[in-house]
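Written below as structure tokens is the structure these notes are about.
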Amino acid sequence: MATLRRDVVFEDLFPSMVEKLGAEGFLKELSNGFRMLMDEEREVITFESLKKNSKLLGLKDMRDDEVTCMLREGDLDGDSCLNETEFCVLMFRLSPELMDI
């Protein structure tokens with residue numbers, strides 16, 4: 001279990017997803033998640049696309065500073081967006097239990 005800044009506790013379901021889907025199936029699901037959040041024209045996750053599409057994941061109350069922080073945390077090349085590789089790396093970093101599988 002992990003705790004977010006607003007004392008929201010969440011359970012990391014990624015390890016159980018890997019067990020059920022296998023590595024290849026899990027990566028496919030991450031890819032699907034990326035496509036759901038990305039800006040279709042630019043094919044990256046932007047501030048605007050994350051803010052708009054995060055509602056699909058039940059994250060309708062994300063504040064602008066939280067969206068910015070998430071992008072900054074995953075942005076490895078400094079373009080203020082997340083490409084698919086950066087998104088997957090971020091998801092793995094947020095789920096350290098995946099390394100135990």
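Residues in the structure tokens are named by chain (A, B, ... in the order shown) and by number from 1 within that chain; ligands are numbered from 1 in the order shown.
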Original post:
Looking only at the backbone, which of the residues in chain A does DSSP tag as alpha helix (DSSP H), as number ranges by chain?
Top reply: A: 14-37, 47-53, 64-74, 84-93
**OP:** Skip stretch 78-94 of chain A itself and residues of its chain fewer than 5 positions away, then list as a ChimeraX atom specification all residues within 7 Å of it, counting only C-alpha atoms.
**Re:** /A:30,34,44-46,71-72
**OP:** Once DSSP has gone over the backbone, tell me which residues of chain A are in strand (DSSP E), as a PyMOL selection string.
**Re:** chain A and resi 2-3+9-10
May I have the selected residues written with N, CA, C and O atoms, as a tab-separated table (two decimals), in the first residue's frame?
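And here is the file that came out, result34.tsv:
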```tsv
chain	number	residue	atom	x	y	z
A	2	ALA	N	0.39	2.29	-0.61
A	2	ALA	CA	1.12	3.54	-0.65
A	2	ALA	C	0.19	4.67	-0.27
A	2	ALA	O	-1.02	4.54	-0.37
A	3	THR	N	0.76	5.78	0.17
A	3	THR	CA	-0.05	6.92	0.56
A	3	THR	C	0.31	8.10	-0.31
A	3	THR	O	1.48	8.42	-0.47
A	9	VAL	N	-5.07	6.53	0.46
A	9	VAL	CA	-4.35	5.25	0.47
A	9	VAL	C	-4.85	4.43	-0.71
A	9	VAL	O	-6.05	4.32	-0.94
A	10	PHE	N	-3.93	3.89	-1.47
A	10	PHE	CA	-4.33	3.03	-2.58
A	10	PHE	C	-3.53	1.75	-2.55
A	10	PHE	O	-2.43	1.69	-2.01
```
**OP:** May I have the residues within 6 Å of stretch 47-61 of chain A as a ChimeraX atom specification, using only C-alpha atoms and disregarding those fewer than 2 positions away in the same chain?
**Re:** /A:37-39,45
Original post:
For the atom pair atom CA of A:Val18 and atom CA of A:Gly33, what is the interatomic distance in Å to one decimal place?
Top reply: 14.8 Å
